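> Before I ask anything, here is the structure I am working with.
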Amino acid sequence: MKSSFSILALCIFSLVLLAGCKKGEDDPTISLRSRKERFSGDWQLTRGFVISTNKNTVVSTTYNGNSFTTTSSLNPELVINGSYIRTLSINKEGTFIDEINKDNLFKKEQGLWTFLSGNDIEDLKNKEAVLFKVSSQFNSEGNILNLYKGEERPLFVIRLKKLTYNEMVWTTNGNIDEQITEGELTWIAR
């Protein structure tokens, strides 16, 4: 009887510990795969939104399947619709390739990624956010648009809201040169 109680207490204690390891707000409570294993792989954007505000202008873009819709506060009657396919390949060794096909205009970015450490000021848990550093950009012909080195590399940070082996949801929130951007993108494993 005493050993049954000990086993039960150990199981409850283990579940409490595992639940405390959850990073994103919608992450699974328990996962047998490491965060890096779940994050690495090939992903395709399925839905989401991005809202950019610059002074008195708000531009809103929604993504649904293989299409996008953009509206602007400058001209609310103008609605832009089109095709949009975005894929992201994330390598365990810390590299990524982000490919966008927007109305048959192709852009490819390559670079490095790393998990960020926890941060009390930003209320971030360890490995809840990811830093992407772009090192090169190419067009549909494979011509180099930009090569970046050192401090000139474009950086962007995402916060992982949900990360499972087959679905990833990330949020963005930034302020660069008086432009405020926020959004949420949902990806599925390819």
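We name chains A, B, ... following the order of the structure tokens; residues begin at 1 in each chain, and ligands are numbered from 1 as shown.
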I'd like the contact shell of stretch 47-51 of chain A - 12 Å cut-off, only C-alpha atoms, skipping same-chain residues fewer than 3 positions apart - returned as a PyMOL selection string.

chain A and resi 44+54+57-73+84-86+167-175+179-188

> Just write the chosen residues, N, CA and C atoms, as a compact mmCIF listing (two decimals), in the first residue's frame.


```
# COMPACT_ATOMS: atom_id res chain seq x y z
N GLN A 44 4.47 25.16 -43.80
CA GLN A 44 3.75 25.97 -44.77
C GLN A 44 2.73 26.84 -44.03
N ASN A 54 1.77 53.00 -39.31
CA ASN A 54 2.84 53.97 -39.49
C ASN A 54 2.21 55.35 -39.52
N THR A 57 -1.46 55.76 -40.86
CA THR A 57 -1.86 54.72 -41.82
C THR A 57 -1.83 53.35 -41.18
N VAL A 58 -2.89 52.58 -41.38
CA VAL A 58 -2.95 51.20 -40.91
C VAL A 58 -3.13 50.30 -42.13
N VAL A 59 -2.22 49.35 -42.28
CA VAL A 59 -2.30 48.37 -43.37
C VAL A 59 -2.52 47.01 -42.72
N SER A 60 -3.57 46.32 -43.16
CA SER A 60 -3.93 45.02 -42.59
C SER A 60 -3.89 43.96 -43.69
N THR A 61 -3.19 42.87 -43.43
CA THR A 61 -3.12 41.76 -44.38
C THR A 61 -3.53 40.48 -43.67
N THR A 62 -4.44 39.74 -44.29
CA THR A 62 -4.83 38.43 -43.77
C THR A 62 -4.41 37.37 -44.77
N TYR A 63 -4.06 36.20 -44.24
CA TYR A 63 -3.64 35.06 -45.06
C TYR A 63 -4.60 33.92 -44.77
N ASN A 64 -5.04 33.27 -45.83
CA ASN A 64 -5.96 32.14 -45.68
C ASN A 64 -5.66 31.14 -46.78
N GLY A 65 -5.11 29.99 -46.40
CA GLY A 65 -4.74 29.01 -47.41
C GLY A 65 -3.66 29.56 -48.31
N ASN A 66 -3.92 29.61 -49.61
CA ASN A 66 -2.94 30.11 -50.57
C ASN A 66 -3.31 31.49 -51.11
N SER A 67 -3.96 32.31 -50.29
CA SER A 67 -4.35 33.65 -50.74
C SER A 67 -4.13 34.68 -49.64
N PHE A 68 -4.12 35.95 -50.06
CA PHE A 68 -3.99 37.05 -49.10
C PHE A 68 -4.97 38.15 -49.47
N THR A 69 -5.30 38.97 -48.47
CA THR A 69 -6.13 40.16 -48.67
C THR A 69 -5.49 41.29 -47.88
N THR A 70 -5.27 42.44 -48.56
CA THR A 70 -4.67 43.59 -47.91
C THR A 70 -5.60 44.79 -48.04
N THR A 71 -5.76 45.51 -46.93
CA THR A 71 -6.54 46.76 -46.92
C THR A 71 -5.69 47.84 -46.26
N SER A 72 -6.03 49.10 -46.57
CA SER A 72 -5.29 50.23 -46.01
C SER A 72 -6.27 51.29 -45.55
N SER A 73 -5.93 51.95 -44.44
CA SER A 73 -6.78 53.02 -43.94
C SER A 73 -6.73 54.26 -44.84
N TYR A 84 -0.78 33.63 -52.46
CA TYR A 84 0.32 33.76 -51.51
C TYR A 84 0.66 32.38 -50.97
N ILE A 85 1.86 31.94 -51.25
CA ILE A 85 2.34 30.67 -50.72
C ILE A 85 3.66 30.95 -50.01
N ARG A 86 3.74 30.56 -48.75
CA ARG A 86 4.96 30.78 -47.98
C ARG A 86 5.36 29.49 -47.30
N GLU A 167 2.06 21.48 -35.98
CA GLU A 167 1.47 22.82 -36.05
C GLU A 167 2.30 23.80 -35.23
N MET A 168 2.45 25.00 -35.79
CA MET A 168 3.20 26.05 -35.11
C MET A 168 2.42 27.35 -35.27
N VAL A 169 2.24 28.07 -34.17
CA VAL A 169 1.60 29.38 -34.20
C VAL A 169 2.58 30.36 -33.56
N TRP A 170 2.88 31.44 -34.30
CA TRP A 170 3.76 32.43 -33.72
C TRP A 170 3.13 33.81 -33.79
N THR A 171 3.55 34.65 -32.86
CA THR A 171 3.08 36.03 -32.83
C THR A 171 4.28 36.95 -33.04
N THR A 172 4.00 38.11 -33.61
CA THR A 172 5.02 39.13 -33.80
C THR A 172 4.49 40.43 -33.23
N ASN A 173 5.39 41.23 -32.72
CA ASN A 173 5.02 42.52 -32.18
C ASN A 173 6.29 43.35 -32.16
N GLY A 174 6.35 44.39 -32.98
CA GLY A 174 7.57 45.18 -33.04
C GLY A 174 7.31 46.63 -33.34
N ASN A 175 8.34 47.43 -33.14
CA ASN A 175 8.28 48.85 -33.38
C ASN A 175 9.62 49.27 -33.97
N GLN A 179 7.11 52.51 -37.12
CA GLN A 179 6.15 51.56 -37.67
C GLN A 179 5.94 50.45 -36.65
N ILE A 180 4.69 50.28 -36.24
CA ILE A 180 4.34 49.26 -35.27
C ILE A 180 3.71 48.09 -36.04
N THR A 181 4.24 46.91 -35.82
CA THR A 181 3.73 45.72 -36.51
C THR A 181 3.35 44.67 -35.49
N GLU A 182 2.19 44.07 -35.69
CA GLU A 182 1.78 42.95 -34.85
C GLU A 182 1.06 41.94 -35.73
N GLY A 183 1.12 40.69 -35.32
CA GLY A 183 0.46 39.66 -36.11
C GLY A 183 0.54 38.30 -35.47
N GLU A 184 -0.14 37.36 -36.13
CA GLU A 184 -0.12 35.97 -35.70
C GLU A 184 -0.20 35.11 -36.95
N LEU A 185 0.71 34.14 -37.07
CA LEU A 185 0.76 33.26 -38.23
C LEU A 185 0.68 31.81 -37.77
N THR A 186 -0.11 31.00 -38.49
CA THR A 186 -0.24 29.58 -38.21
C THR A 186 0.37 28.78 -39.35
N TRP A 187 1.20 27.83 -38.99
CA TRP A 187 1.94 27.00 -39.95
C TRP A 187 1.58 25.54 -39.70
N ILE A 188 1.59 24.73 -40.76
CA ILE A 188 1.44 23.27 -40.62
C ILE A 188 2.68 22.61 -41.22
```

> Which residues are near A:Ile97? Cut-off 7 Å, only C-alpha atoms, ignore same chain within fewer than 3 positions. Put them as a PyMOL selection string.

chain A and resi 88-90+108-111

> Determine which residues of stretch 15-186 of chain A receive a DSSP assignment of alpha helix (DSSP H), computed from the backbone, and state them as a list of chain:residue names.

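The alpha helix (DSSP H) subset of stretch 15-186 of chain A is A:Leu15, A:Val16, A:Leu17, A:Leu18, A:Ala19, A:Gly20, A:Arg35, A:Lys36, A:Glu37, A:Arg38, A:Phe39.
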
> Report, in Å with one decimal, the straight-line distance from atom CA of A:Leu116 to atom CA of A:Ile100.

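Here the two named atoms are 25.0 Å from each other.
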
> Report, in Å with one decimal, the straight-line distance from atom CA of A:Leu112 to atom CA of A:Lys133.

5.2 Å

> Could you find all residues in stretch 44-174 of chain A that DSSP calls strand (DSSP E or B) from the backbone, and write them as a ChimeraX atom specification?

/A:44-54,57-64,67-72,79-90,95-102,105-115,119,124,129-139,144-147,155-163,167-174

> Between A:Leu45, A:Val130, A:Ile158, A:Ala189, which one has atoms that come closest to A:Thr87, using only C-alpha atoms?

A:Leu45

> If you measure from atom CA of A:Arg38 to atom CA of A:Thr114, what distance in Å do you get, rounded to one decimal?

13.8 Å

> Just the residues within 12 Å of A:Asn143, please, counting only C-alpha atoms, with nothing from its chain fewer than 5 positions along; format it as number ranges by chain.

A: 106-109, 136-138
